[in-house]
Amino acid sequence: MHAQRLLPLACATFLTALGSVLAPAAQAETRHVVHPGESIQAAVDAAAPGDIIEVLPGEYPGSVLIGTDRVTIRGAGERTVITPGEPDAANACAAAGHGICVFGTAEHPVSDVRIQSLTVTGFTKTGVMGSATEHMRVRRVFAHDNGEHGIGQEQSTRAEFTDNTTDDNAQAGLFLADTADAMGASIARNHASGNRLGVLIRRGRALTIEYNELTGNCAGVFVVGDETKPVAGALDIRRNRIDENNKFCEGNPRLAFIQGSGIVLTGAQETRVSDNQVRDNRGESPMSGGIVMVPSFAGGPTTNNVVRDNVVQRNEPADLANRDAAAVNTFTANVCGRSEPAGHC
């Protein structure tokens, strides 16, 4: 591992010739360069807030635990590959089975960590996982073939998951949970295919899911609420392309099997679903169809949601389905062929 000093641009800027002086230098950042055969974790442990860790192309076995604010880990895209290493009980990330972790506490969340342009694959749990973070940004990450989620976080705020590819993970490609107020979290411009769920939001509020391409999963977007207060919802699901999510996933004691589901809301309230293209999602599950609302598995209603201006076509058994008889949801100006009950198209 090699460290280089990066001088801020201001340090190279001179004032005018009339007796001016060079402005005082700000705290210099350090760029740590990690070569194949070297330890990413050692670079993280040596990093101070604001430092950048450049990971060169190669395969790097071992989980990476980040607990320092404003650290950036940046690889070379698909050519920088992080895989499981030897068991390490002293590393909380490795012990949990994740690939890259950003772990803080409720009293001291880790803020403004960036993870960019690398591949995370083969972990028993989640490829990139955050807990107790603020403004964690994950961009251009390839997360595939992990035993749980591709990229996720819980009990955190202001996440940005953008331009990632999350394929063939056992649970969700992109996952956000247990955040009563996500404070503007964004899941945008990602591709998710071959997962159980393309995007899973569990007990989350106040976030945006937009411009994603979700195909070949068991379900494209799956929003889960229960009796937690405040109620899950207040989301914007908009401008996504959600096609052919027809993979079959077994059910469990709480949940029926999933297949052919475009967007599913269960227990979510006050969510806006707009301007999406949802096509060719087909199955025979109670949750199959284009845009589907079913009661919460904990008994709460899926209500006060608005579905408008979507193109929802060739989904089976229905393009739009409001299967919560006790709920009041609004369907307006959608292009579709069949609804349950009739009259929403």
# chains A, B, ... in the order shown; residues from 1 in each chain; ligands from 1
>>> closest_atom_pairs(of="stretch 125-243 of chain A", to="stretch 81-97 of chain A", cutoff="10 Å", atoms="only C-alpha atoms", output="JSON lines")
{"residue": "A:Lys125", "atom": "CA", "partner": "A:Gly97", "partner_atom": "CA", "distance": 5.0}
{"residue": "A:Thr126", "atom": "CA", "partner": "A:Gly97", "partner_atom": "CA", "distance": 7.2}
{"residue": "A:Gly127", "atom": "CA", "partner": "A:Gly97", "partner_atom": "CA", "distance": 8.9}
{"residue": "A:Val128", "atom": "CA", "partner": "A:Cys93", "partner_atom": "CA", "distance": 9.8}
{"residue": "A:Met129", "atom": "CA", "partner": "A:Cys93", "partner_atom": "CA", "distance": 8.7}
{"residue": "A:Phe142", "atom": "CA", "partner": "A:Val81", "partner_atom": "CA", "distance": 9.0}
{"residue": "A:Ala143", "atom": "CA", "partner": "A:Ile82", "partner_atom": "CA", "distance": 9.8}
{"residue": "A:Asn146", "atom": "CA", "partner": "A:Gly97", "partner_atom": "CA", "distance": 9.7}
{"residue": "A:Gly147", "atom": "CA", "partner": "A:Gly97", "partner_atom": "CA", "distance": 8.9}
{"residue": "A:Glu148", "atom": "CA", "partner": "A:Gly97", "partner_atom": "CA", "distance": 9.5}
>>> residues_around(residues="A:Ser285", least_positions_apart="5", cutoff="12 Å", atoms="only C-alpha atoms", output="list in words")
Cys218, Ala219, Asn246, Lys247, Phe248, Cys249, Glu250, Gly251, Leu255, Ala256, Phe257, Ile258, Gln259, Gly260, Ser261, Val264, Val292, Val294, Glu316, Pro317 and Ala318 of chain A
>>> residues_around(residues="A:Asp51", least_positions_apart="6", cutoff="7 Å", atoms="only C-alpha atoms", output="VMD selection string")
chain A and resid 29 to 31 71 to 72
>>> write_last_selection(atoms="C-alpha atoms", output="tab-separated table (two decimals), in the first residue's frame")
chain	number	residue	atom	x	y	z
A	29	GLU	CA	-5.86	14.63	2.04
A	30	THR	CA	-4.04	11.35	1.55
A	31	ARG	CA	-4.51	8.92	-1.32
A	71	VAL	CA	-13.49	7.85	3.54
A	72	THR	CA	-13.70	6.95	-0.17
>>> closest_residue(among="A:Thr302, A:Thr68, A:Asn334, A:Thr271", to="A:Ala48", atoms="only C-alpha atoms")
A:Thr68
>>> closest_residue(among="A:Ile66, A:Ile52, A:Val141, A:Cys101", to="A:Gln116", atoms="only C-alpha atoms")
A:Val141
>>> closest_residue(among="A:Gly75, A:Gly99, A:Gly50, A:Gly130", to="A:Leu118", atoms="only C-alpha atoms")
A:Gly75
>>> select_by_dssp(residues="stretch 65-274 of chain A", states="strand (DSSP E)", output="tab-separated table (two decimals) with N, CA, C and O atoms, in the first residue's frame")
chain	number	residue	atom	x	y	z
A	65	LEU	N	-14.03	-3.44	6.71
A	65	LEU	CA	-14.85	-2.75	7.70
A	65	LEU	C	-14.43	-1.29	7.78
A	65	LEU	O	-13.27	-0.98	8.04
A	66	ILE	N	-15.39	-0.37	7.56
A	66	ILE	CA	-15.13	1.07	7.58
A	66	ILE	C	-15.87	1.69	8.76
A	66	ILE	O	-17.10	1.53	8.89
A	72	THR	N	-13.29	7.42	1.15
A	72	THR	CA	-13.70	6.95	-0.17
A	72	THR	C	-12.89	5.72	-0.54
A	72	THR	O	-11.66	5.73	-0.45
A	73	ILE	N	-13.58	4.65	-0.95
A	73	ILE	CA	-12.92	3.49	-1.54
A	73	ILE	C	-13.31	3.46	-3.01
A	73	ILE	O	-14.50	3.41	-3.34
A	74	ARG	N	-12.32	3.48	-3.88
A	74	ARG	CA	-12.58	3.56	-5.31
A	74	ARG	C	-11.73	2.53	-6.05
A	74	ARG	O	-10.51	2.50	-5.92
A	80	THR	N	-11.72	-4.70	-10.32
A	80	THR	CA	-11.36	-4.72	-8.90
A	80	THR	C	-12.39	-5.59	-8.19
A	80	THR	O	-13.55	-5.21	-8.07
A	81	VAL	N	-11.98	-6.77	-7.73
A	81	VAL	CA	-12.92	-7.78	-7.26
A	81	VAL	C	-12.62	-8.11	-5.79
A	81	VAL	O	-11.50	-8.54	-5.46
A	82	ILE	N	-13.62	-7.94	-4.94
A	82	ILE	CA	-13.49	-8.28	-3.53
A	82	ILE	C	-14.26	-9.56	-3.28
A	82	ILE	O	-15.45	-9.67	-3.60
A	83	THR	N	-13.59	-10.55	-2.72
A	83	THR	CA	-14.16	-11.88	-2.49
A	83	THR	C	-13.95	-12.28	-1.03
A	83	THR	O	-13.15	-11.67	-0.32
A	100	ILE	N	-18.21	-5.52	2.10
A	100	ILE	CA	-17.76	-4.21	2.59
A	100	ILE	C	-18.82	-3.71	3.55
A	100	ILE	O	-20.02	-3.71	3.23
A	101	CYS	N	-18.40	-3.26	4.73
A	101	CYS	CA	-19.34	-2.77	5.74
A	101	CYS	C	-18.98	-1.34	6.14
A	101	CYS	O	-17.81	-1.01	6.29
A	102	VAL	N	-20.02	-0.54	6.34
A	102	VAL	CA	-19.88	0.77	6.97
A	102	VAL	C	-20.73	0.70	8.23
A	102	VAL	O	-21.96	0.74	8.16
A	103	PHE	N	-20.09	0.57	9.39
A	103	PHE	CA	-20.80	0.33	10.64
A	103	PHE	C	-20.53	1.48	11.62
A	103	PHE	O	-19.37	1.75	11.97
A	110	VAL	N	-21.61	6.70	11.21
A	110	VAL	CA	-20.52	6.99	10.28
A	110	VAL	C	-21.10	7.75	9.09
A	110	VAL	O	-22.10	7.33	8.50
A	111	SER	N	-20.48	8.87	8.72
A	111	SER	CA	-21.09	9.74	7.71
A	111	SER	C	-20.20	9.89	6.48
A	111	SER	O	-18.97	9.82	6.54
A	114	ARG	N	-17.94	6.91	0.80
A	114	ARG	CA	-18.21	6.63	-0.61
A	114	ARG	C	-17.54	5.31	-1.01
A	114	ARG	O	-16.37	5.10	-0.73
A	115	ILE	N	-18.32	4.48	-1.70
A	115	ILE	CA	-17.82	3.21	-2.22
A	115	ILE	C	-18.12	3.21	-3.70
A	115	ILE	O	-19.29	3.29	-4.11
A	116	GLN	N	-17.08	3.11	-4.53
A	116	GLN	CA	-17.25	3.36	-5.96
A	116	GLN	C	-16.48	2.35	-6.81
A	116	GLN	O	-15.36	1.97	-6.48
A	119	THR	N	-16.19	-4.54	-7.67
A	119	THR	CA	-17.05	-5.72	-7.66
A	119	THR	C	-16.98	-6.40	-6.31
A	119	THR	O	-15.89	-6.55	-5.73
A	120	VAL	N	-18.14	-6.82	-5.81
A	120	VAL	CA	-18.21	-7.55	-4.54
A	120	VAL	C	-19.04	-8.81	-4.80
A	120	VAL	O	-20.22	-8.72	-5.16
A	121	THR	N	-18.45	-9.98	-4.59
A	121	THR	CA	-19.14	-11.21	-4.99
A	121	THR	C	-18.77	-12.38	-4.09
A	121	THR	O	-17.67	-12.45	-3.55
A	128	VAL	N	-22.34	-5.12	-0.09
A	128	VAL	CA	-22.02	-3.85	0.58
A	128	VAL	C	-23.13	-3.59	1.58
A	128	VAL	O	-24.30	-3.50	1.20
A	129	MET	N	-22.79	-3.42	2.86
A	129	MET	CA	-23.80	-3.26	3.90
A	129	MET	C	-23.47	-2.09	4.80
A	129	MET	O	-22.33	-1.94	5.26
A	130	GLY	N	-24.47	-1.23	5.07
A	130	GLY	CA	-24.31	-0.13	6.01
A	130	GLY	C	-25.26	-0.27	7.18
A	130	GLY	O	-26.40	-0.73	7.02
A	131	SER	N	-24.83	0.15	8.34
A	131	SER	CA	-25.67	0.18	9.53
A	131	SER	C	-25.27	1.39	10.36
A	131	SER	O	-24.08	1.59	10.63
A	133	THR	N	-25.48	4.66	9.46
A	133	THR	CA	-24.70	5.54	8.60
A	133	THR	C	-25.53	6.76	8.22
A	133	THR	O	-26.76	6.74	8.28
A	134	GLU	N	-24.83	7.81	7.82
A	134	GLU	CA	-25.46	9.00	7.24
A	134	GLU	C	-24.80	9.29	5.89
A	134	GLU	O	-23.58	9.38	5.80
A	137	ARG	N	-22.75	6.66	0.16
A	137	ARG	CA	-22.96	6.69	-1.28
A	137	ARG	C	-22.26	5.51	-1.94
A	137	ARG	O	-21.04	5.36	-1.82
A	138	VAL	N	-23.05	4.70	-2.63
A	138	VAL	CA	-22.53	3.52	-3.33
A	138	VAL	C	-22.85	3.71	-4.81
A	138	VAL	O	-24.01	3.81	-5.20
A	139	ARG	N	-21.81	3.75	-5.63
A	139	ARG	CA	-21.99	4.08	-7.04
A	139	ARG	C	-21.11	3.20	-7.92
A	139	ARG	O	-19.95	2.94	-7.60
A	142	PHE	N	-20.59	-3.41	-8.75
A	142	PHE	CA	-21.13	-4.65	-9.29
A	142	PHE	C	-21.23	-5.64	-8.13
A	142	PHE	O	-20.21	-6.12	-7.63
A	143	ALA	N	-22.45	-5.93	-7.69
A	143	ALA	CA	-22.67	-6.82	-6.55
A	143	ALA	C	-23.47	-8.02	-7.05
A	143	ALA	O	-24.64	-7.88	-7.40
A	144	HIS	N	-22.84	-9.18	-7.10
A	144	HIS	CA	-23.55	-10.33	-7.63
A	144	HIS	C	-23.17	-11.60	-6.90
A	144	HIS	O	-22.11	-11.72	-6.27
A	151	ILE	N	-26.58	-4.83	-2.32
A	151	ILE	CA	-26.21	-3.58	-1.64
A	151	ILE	C	-27.34	-3.24	-0.69
A	151	ILE	O	-28.52	-3.25	-1.09
A	152	GLY	N	-27.03	-2.89	0.56
A	152	GLY	CA	-28.10	-2.58	1.50
A	152	GLY	C	-27.65	-1.75	2.67
A	152	GLY	O	-26.46	-1.55	2.90
A	153	GLN	N	-28.65	-1.26	3.41
A	153	GLN	CA	-28.36	-0.60	4.67
A	153	GLN	C	-29.60	-0.63	5.54
A	153	GLN	O	-30.72	-0.82	5.08
A	154	GLU	N	-29.38	-0.43	6.84
A	154	GLU	CA	-30.47	-0.40	7.81
A	154	GLU	C	-30.16	0.64	8.88
A	154	GLU	O	-29.00	0.99	9.11
A	160	GLU	N	-27.43	7.04	-0.91
A	160	GLU	CA	-27.48	7.20	-2.36
A	160	GLU	C	-26.91	5.94	-2.99
A	160	GLU	O	-25.71	5.69	-2.92
A	161	PHE	N	-27.79	5.14	-3.59
A	161	PHE	CA	-27.38	3.95	-4.33
A	161	PHE	C	-27.64	4.24	-5.80
A	161	PHE	O	-28.79	4.24	-6.24
A	162	THR	N	-26.60	4.51	-6.58
A	162	THR	CA	-26.80	4.96	-7.96
A	162	THR	C	-25.86	4.24	-8.92
A	162	THR	O	-24.70	3.97	-8.61
A	165	THR	N	-24.95	-2.31	-10.52
A	165	THR	CA	-25.48	-3.52	-11.12
A	165	THR	C	-25.52	-4.61	-10.06
A	165	THR	O	-24.48	-4.97	-9.50
A	166	THR	N	-26.72	-5.10	-9.75
A	166	THR	CA	-26.89	-6.08	-8.67
A	166	THR	C	-27.64	-7.28	-9.24
A	166	THR	O	-28.86	-7.24	-9.41
A	167	ASP	N	-26.92	-8.35	-9.52
A	167	ASP	CA	-27.49	-9.51	-10.18
A	167	ASP	C	-27.29	-10.78	-9.35
A	167	ASP	O	-26.25	-10.97	-8.71
A	172	ALA	N	-32.41	-9.49	-2.00
A	172	ALA	CA	-32.65	-8.28	-2.79
A	172	ALA	C	-31.37	-7.81	-3.48
A	172	ALA	O	-30.28	-7.91	-2.92
A	173	GLY	N	-31.55	-7.26	-4.67
A	173	GLY	CA	-30.43	-6.57	-5.29
A	173	GLY	C	-30.07	-5.32	-4.52
A	173	GLY	O	-28.90	-5.04	-4.24
A	174	LEU	N	-31.09	-4.53	-4.16
A	174	LEU	CA	-30.92	-3.29	-3.40
A	174	LEU	C	-31.90	-3.31	-2.24
A	174	LEU	O	-33.09	-3.61	-2.41
A	175	PHE	N	-31.42	-2.98	-1.04
A	175	PHE	CA	-32.19	-3.22	0.19
A	175	PHE	C	-32.04	-2.03	1.12
A	175	PHE	O	-30.93	-1.52	1.33
A	176	LEU	N	-33.15	-1.57	1.66
A	176	LEU	CA	-33.12	-0.50	2.66
A	176	LEU	C	-34.19	-0.82	3.70
A	176	LEU	O	-35.33	-1.10	3.35
A	177	ALA	N	-33.81	-0.76	4.98
A	177	ALA	CA	-34.74	-1.22	6.02
A	177	ALA	C	-34.59	-0.43	7.31
A	177	ALA	O	-33.55	0.16	7.59
A	178	ASP	N	-35.68	-0.47	8.08
A	178	ASP	CA	-35.69	0.01	9.46
A	178	ASP	C	-35.24	1.45	9.58
A	178	ASP	O	-34.43	1.81	10.43
A	179	THR	N	-35.79	2.28	8.69
A	179	THR	CA	-35.46	3.70	8.68
A	179	THR	C	-36.76	4.48	8.71
A	179	THR	O	-37.43	4.63	7.68
A	185	ALA	N	-33.30	9.59	1.03
A	185	ALA	CA	-32.52	8.50	0.44
A	185	ALA	C	-32.96	8.27	-1.00
A	185	ALA	O	-34.12	8.46	-1.36
A	186	SER	N	-32.00	7.87	-1.85
A	186	SER	CA	-32.27	7.72	-3.27
A	186	SER	C	-31.70	6.40	-3.78
A	186	SER	O	-30.53	6.08	-3.53
A	187	ILE	N	-32.54	5.63	-4.49
A	187	ILE	CA	-32.12	4.43	-5.20
A	187	ILE	C	-32.40	4.70	-6.66
A	187	ILE	O	-33.56	4.69	-7.09
A	188	ALA	N	-31.37	5.00	-7.45
A	188	ALA	CA	-31.59	5.54	-8.79
A	188	ALA	C	-30.62	4.96	-9.81
A	188	ALA	O	-29.44	4.74	-9.52
A	191	HIS	N	-29.36	-1.30	-12.15
A	191	HIS	CA	-29.87	-2.47	-12.85
A	191	HIS	C	-29.87	-3.64	-11.88
A	191	HIS	O	-28.86	-3.92	-11.23
A	192	ALA	N	-31.01	-4.33	-11.78
A	192	ALA	CA	-31.11	-5.49	-10.90
A	192	ALA	C	-31.80	-6.62	-11.64
A	192	ALA	O	-32.91	-6.44	-12.16
A	193	SER	N	-31.16	-7.79	-11.69
A	193	SER	CA	-31.71	-8.92	-12.43
A	193	SER	C	-31.31	-10.22	-11.74
A	193	SER	O	-30.20	-10.34	-11.20
A	197	LEU	N	-35.73	-10.28	-5.15
A	197	LEU	CA	-36.39	-9.00	-5.27
A	197	LEU	C	-35.41	-7.99	-5.86
A	197	LEU	O	-34.26	-7.93	-5.42
A	198	GLY	N	-35.85	-7.20	-6.83
A	198	GLY	CA	-34.95	-6.19	-7.38
A	198	GLY	C	-34.62	-5.13	-6.35
A	198	GLY	O	-33.46	-4.86	-6.05
A	199	VAL	N	-35.66	-4.50	-5.79
A	199	VAL	CA	-35.52	-3.49	-4.73
A	199	VAL	C	-36.46	-3.87	-3.59
A	199	VAL	O	-37.66	-4.09	-3.81
A	200	LEU	N	-35.93	-3.97	-2.39
A	200	LEU	CA	-36.73	-4.28	-1.20
A	200	LEU	C	-36.63	-3.12	-0.22
A	200	LEU	O	-35.53	-2.75	0.21
A	201	ILE	N	-37.79	-2.57	0.15
A	201	ILE	CA	-37.86	-1.56	1.21
A	201	ILE	C	-38.68	-2.16	2.33
A	201	ILE	O	-39.85	-2.52	2.14
A	202	ARG	N	-38.10	-2.29	3.50
A	202	ARG	CA	-38.79	-2.88	4.64
A	202	ARG	C	-38.82	-1.87	5.79
A	202	ARG	O	-37.77	-1.45	6.28
A	203	ARG	N	-40.02	-1.48	6.17
A	203	ARG	CA	-40.19	-0.50	7.24
A	203	ARG	C	-39.36	0.76	6.98
A	203	ARG	O	-38.63	1.24	7.84
A	204	GLY	N	-39.50	1.31	5.78
A	204	GLY	CA	-38.78	2.53	5.40
A	204	GLY	C	-39.73	3.63	4.99
A	204	GLY	O	-40.86	3.37	4.55
A	207	LEU	N	-38.24	8.18	0.92
A	207	LEU	CA	-37.14	7.93	-0.01
A	207	LEU	C	-37.70	7.81	-1.42
A	207	LEU	O	-38.90	7.71	-1.63
A	208	THR	N	-36.79	7.81	-2.40
A	208	THR	CA	-37.15	7.80	-3.80
A	208	THR	C	-36.51	6.62	-4.51
A	208	THR	O	-35.31	6.36	-4.33
A	209	ILE	N	-37.31	5.93	-5.32
A	209	ILE	CA	-36.83	4.83	-6.17
A	209	ILE	C	-37.15	5.24	-7.60
A	209	ILE	O	-38.32	5.30	-7.99
A	210	GLU	N	-36.11	5.56	-8.41
A	210	GLU	CA	-36.39	6.12	-9.74
A	210	GLU	C	-35.34	5.72	-10.76
A	210	GLU	O	-34.18	5.49	-10.44
A	213	GLU	N	-33.75	-0.10	-13.76
A	213	GLU	CA	-34.18	-1.16	-14.67
A	213	GLU	C	-34.16	-2.47	-13.90
A	213	GLU	O	-33.10	-2.94	-13.48
A	214	LEU	N	-35.35	-3.06	-13.73
A	214	LEU	CA	-35.53	-4.24	-12.90
A	214	LEU	C	-36.17	-5.32	-13.74
A	214	LEU	O	-37.32	-5.19	-14.16
A	215	THR	N	-35.45	-6.40	-13.98
A	215	THR	CA	-35.96	-7.44	-14.87
A	215	THR	C	-35.42	-8.80	-14.45
A	215	THR	O	-34.29	-8.90	-13.94
A	219	ALA	N	-39.73	-10.42	-8.12
A	219	ALA	CA	-40.50	-9.18	-8.07
A	219	ALA	C	-39.56	-8.02	-8.32
A	219	ALA	O	-38.39	-8.06	-7.92
A	220	GLY	N	-40.08	-6.96	-8.95
A	220	GLY	CA	-39.25	-5.80	-9.24
A	220	GLY	C	-39.02	-4.94	-8.02
A	220	GLY	O	-37.89	-4.80	-7.53
A	221	VAL	N	-40.09	-4.32	-7.50
A	221	VAL	CA	-40.02	-3.49	-6.28
A	221	VAL	C	-40.98	-4.10	-5.26
A	221	VAL	O	-42.14	-4.38	-5.57
A	222	PHE	N	-40.50	-4.28	-4.05
A	222	PHE	CA	-41.30	-4.90	-2.99
A	222	PHE	C	-41.19	-4.01	-1.75
A	222	PHE	O	-40.10	-3.85	-1.19
A	223	VAL	N	-42.30	-3.42	-1.33
A	223	VAL	CA	-42.32	-2.53	-0.17
A	223	VAL	C	-43.12	-3.20	0.94
A	223	VAL	O	-44.29	-3.54	0.75
A	224	VAL	N	-42.48	-3.38	2.09
A	224	VAL	CA	-43.08	-4.11	3.20
A	224	VAL	C	-43.25	-3.20	4.40
A	224	VAL	O	-42.28	-2.58	4.86
A	236	ASP	N	-41.63	7.67	-3.10
A	236	ASP	CA	-41.87	7.97	-4.51
A	236	ASP	C	-41.23	6.86	-5.33
A	236	ASP	O	-40.00	6.67	-5.29
A	237	ILE	N	-42.06	6.11	-6.06
A	237	ILE	CA	-41.59	5.07	-6.98
A	237	ILE	C	-41.94	5.56	-8.37
A	237	ILE	O	-43.10	5.55	-8.77
A	238	ARG	N	-40.95	6.00	-9.13
A	238	ARG	CA	-41.26	6.71	-10.37
A	238	ARG	C	-40.20	6.47	-11.45
A	238	ARG	O	-39.03	6.25	-11.17
A	241	ARG	N	-38.27	1.17	-15.17
A	241	ARG	CA	-38.66	0.16	-16.15
A	241	ARG	C	-38.62	-1.19	-15.45
A	241	ARG	O	-37.56	-1.64	-15.00
A	242	ILE	N	-39.79	-1.85	-15.40
A	242	ILE	CA	-39.94	-3.06	-14.59
A	242	ILE	C	-40.61	-4.12	-15.46
A	242	ILE	O	-41.83	-4.14	-15.63
A	243	ASP	N	-39.80	-5.00	-16.05
A	243	ASP	CA	-40.29	-5.95	-17.05
A	243	ASP	C	-39.91	-7.39	-16.70
A	243	ASP	O	-38.80	-7.65	-16.21
A	261	SER	N	-44.23	-10.44	-10.34
A	261	SER	CA	-44.68	-9.23	-9.63
A	261	SER	C	-43.85	-8.04	-10.08
A	261	SER	O	-42.61	-8.07	-9.99
A	262	GLY	N	-44.52	-6.98	-10.56
A	262	GLY	CA	-43.82	-5.77	-10.93
A	262	GLY	C	-43.51	-4.90	-9.73
A	262	GLY	O	-42.37	-4.81	-9.28
A	263	ILE	N	-44.54	-4.26	-9.18
A	263	ILE	CA	-44.42	-3.46	-7.95
A	263	ILE	C	-45.44	-3.99	-6.96
A	263	ILE	O	-46.63	-4.09	-7.27
A	264	VAL	N	-44.99	-4.32	-5.75
A	264	VAL	CA	-45.87	-4.82	-4.71
A	264	VAL	C	-45.78	-3.89	-3.50
A	264	VAL	O	-44.68	-3.62	-3.00
A	265	LEU	N	-46.94	-3.42	-3.03
A	265	LEU	CA	-47.02	-2.68	-1.77
A	265	LEU	C	-47.80	-3.54	-0.79
A	265	LEU	O	-48.93	-3.94	-1.07
A	266	THR	N	-47.21	-3.81	0.36
A	266	THR	CA	-47.91	-4.55	1.41
A	266	THR	C	-47.67	-3.86	2.75
A	266	THR	O	-46.54	-3.82	3.23
A	272	ARG	N	-46.45	7.18	-3.59
A	272	ARG	CA	-46.80	7.63	-4.94
A	272	ARG	C	-46.06	6.77	-5.95
A	272	ARG	O	-44.82	6.73	-5.95
A	273	VAL	N	-46.84	6.10	-6.82
A	273	VAL	CA	-46.28	5.24	-7.87
A	273	VAL	C	-46.65	5.89	-9.20
A	273	VAL	O	-47.81	5.89	-9.60
A	274	SER	N	-45.66	6.45	-9.90
A	274	SER	CA	-45.99	7.27	-11.06
A	274	SER	C	-44.97	7.12	-12.18
A	274	SER	O	-43.78	6.91	-11.94
>>> atom_distance(atom1="atom CA of A:Asn276", atom2="atom CA of A:Ser156")
26.8 Å
>>> closest_residue(among="A:Arg323, A:Arg189, A:Arg308, A:Arg314", to="A:Pro341", atoms="only C-alpha atoms")
A:Arg323
>>> closest_residue(among="A:Asn164, A:Ser296, A:Asn190, A:Asn217", to="A:Arg254", atoms="only C-alpha atoms")
A:Ser296
>>> atom_distance(atom1="atom CA of A:Asn329", atom2="atom CA of A:Ser288")
18.1 Å
>>> atom_distance(atom1="atom CA of A:Asn304", atom2="atom CA of A:Arg196")
27.0 Å
>>> closest_residue(among="A:His344, A:Lys229, A:His35, A:His98", to="A:Ser63", atoms="only C-alpha atoms")
A:His98
>>> select_by_dssp(residues="stretch 72-135 of chain A", states="alpha helix (DSSP H)", output="PDB file with C-alpha atoms, in the first residue's frame")
ATOM      1  CA  ALA A  92     -17.222  -7.508  12.500  1.00  0.00           C
ATOM      2  CA  CYS A  93     -17.848  -7.344   8.773  1.00  0.00           C
ATOM      3  CA  ALA A  94     -16.223 -10.706   8.088  1.00  0.00           C
ATOM      4  CA  ALA A  95     -17.892 -12.271  11.131  1.00  0.00           C
ATOM      5  CA  ALA A  96     -21.296 -11.183   9.793  1.00  0.00           C
TER       6      ALA A  96
END
>>> residues_around(residues="A:Gly299", least_positions_apart="3", cutoff="9 Å", atoms="only C-alpha atoms", output="JSON, numbers by chain")
{"A": [226, 227, 267, 295, 296]}
>>> write_last_selection(atoms="N, CA, C and O atoms", output="mmCIF file, in the first residue's frame")
data_model
loop_
_atom_site.group_PDB
_atom_site.id
_atom_site.type_symbol
_atom_site.label_atom_id
_atom_site.label_comp_id
_atom_site.auth_asym_id
_atom_site.auth_seq_id
_atom_site.Cartn_x
_atom_site.Cartn_y
_atom_site.Cartn_z
ATOM 1 N N ASP A 226 -45.375 -2.992 8.414
ATOM 2 C CA ASP A 226 -46.073 -3.789 9.434
ATOM 3 C C ASP A 226 -46.671 -2.821 10.444
ATOM 4 O O ASP A 226 -47.072 -1.720 10.085
ATOM 5 N N GLU A 227 -46.717 -3.197 11.687
ATOM 6 C CA GLU A 227 -47.333 -2.330 12.688
ATOM 7 C C GLU A 227 -46.364 -1.312 13.281
ATOM 8 O O GLU A 227 -46.702 -0.586 14.211
ATOM 9 N N GLY A 267 -48.717 -3.259 3.267
ATOM 10 C CA GLY A 267 -48.600 -2.501 4.509
ATOM 11 C C GLY A 267 -48.054 -1.099 4.333
ATOM 12 O O GLY A 267 -47.882 -0.375 5.309
ATOM 13 N N PRO A 295 -52.808 -6.722 1.654
ATOM 14 C CA PRO A 295 -52.740 -6.318 3.066
ATOM 15 C C PRO A 295 -51.388 -6.648 3.687
ATOM 16 O O PRO A 295 -50.672 -7.544 3.238
ATOM 17 N N SER A 296 -51.056 -5.917 4.722
ATOM 18 C CA SER A 296 -49.838 -6.202 5.482
ATOM 19 C C SER A 296 -49.926 -7.597 6.082
ATOM 20 O O SER A 296 -50.979 -8.050 6.514
#
>>> decode(residues="stretch 316-327 of chain A", atoms="C-alpha atoms", output="PDB file, in the first residue's frame")
ATOM      1  CA  GLU A 316     -50.991 -11.436 -15.434  1.00  0.00           C
ATOM      2  CA  PRO A 317     -53.402 -11.912 -13.819  1.00  0.00           C
ATOM      3  CA  ALA A 318     -53.912  -8.122 -13.852  1.00  0.00           C
ATOM      4  CA  ASP A 319     -52.086  -4.922 -14.685  1.00  0.00           C
ATOM      5  CA  LEU A 320     -53.413  -3.111 -11.599  1.00  0.00           C
ATOM      6  CA  ALA A 321     -54.603  -5.005  -8.519  1.00  0.00           C
ATOM      7  CA  ASN A 322     -55.992  -3.593  -5.291  1.00  0.00           C
ATOM      8  CA  ARG A 323     -56.319  -6.785  -3.233  1.00  0.00           C
ATOM      9  CA  ASP A 324     -56.765  -5.065   0.114  1.00  0.00           C
ATOM     10  CA  ALA A 325     -60.539  -4.805   0.424  1.00  0.00           C
ATOM     11  CA  ALA A 326     -60.312  -2.561   3.489  1.00  0.00           C
ATOM     12  CA  ALA A 327     -57.996  -0.009   1.826  1.00  0.00           C
TER      13      ALA A 327
END
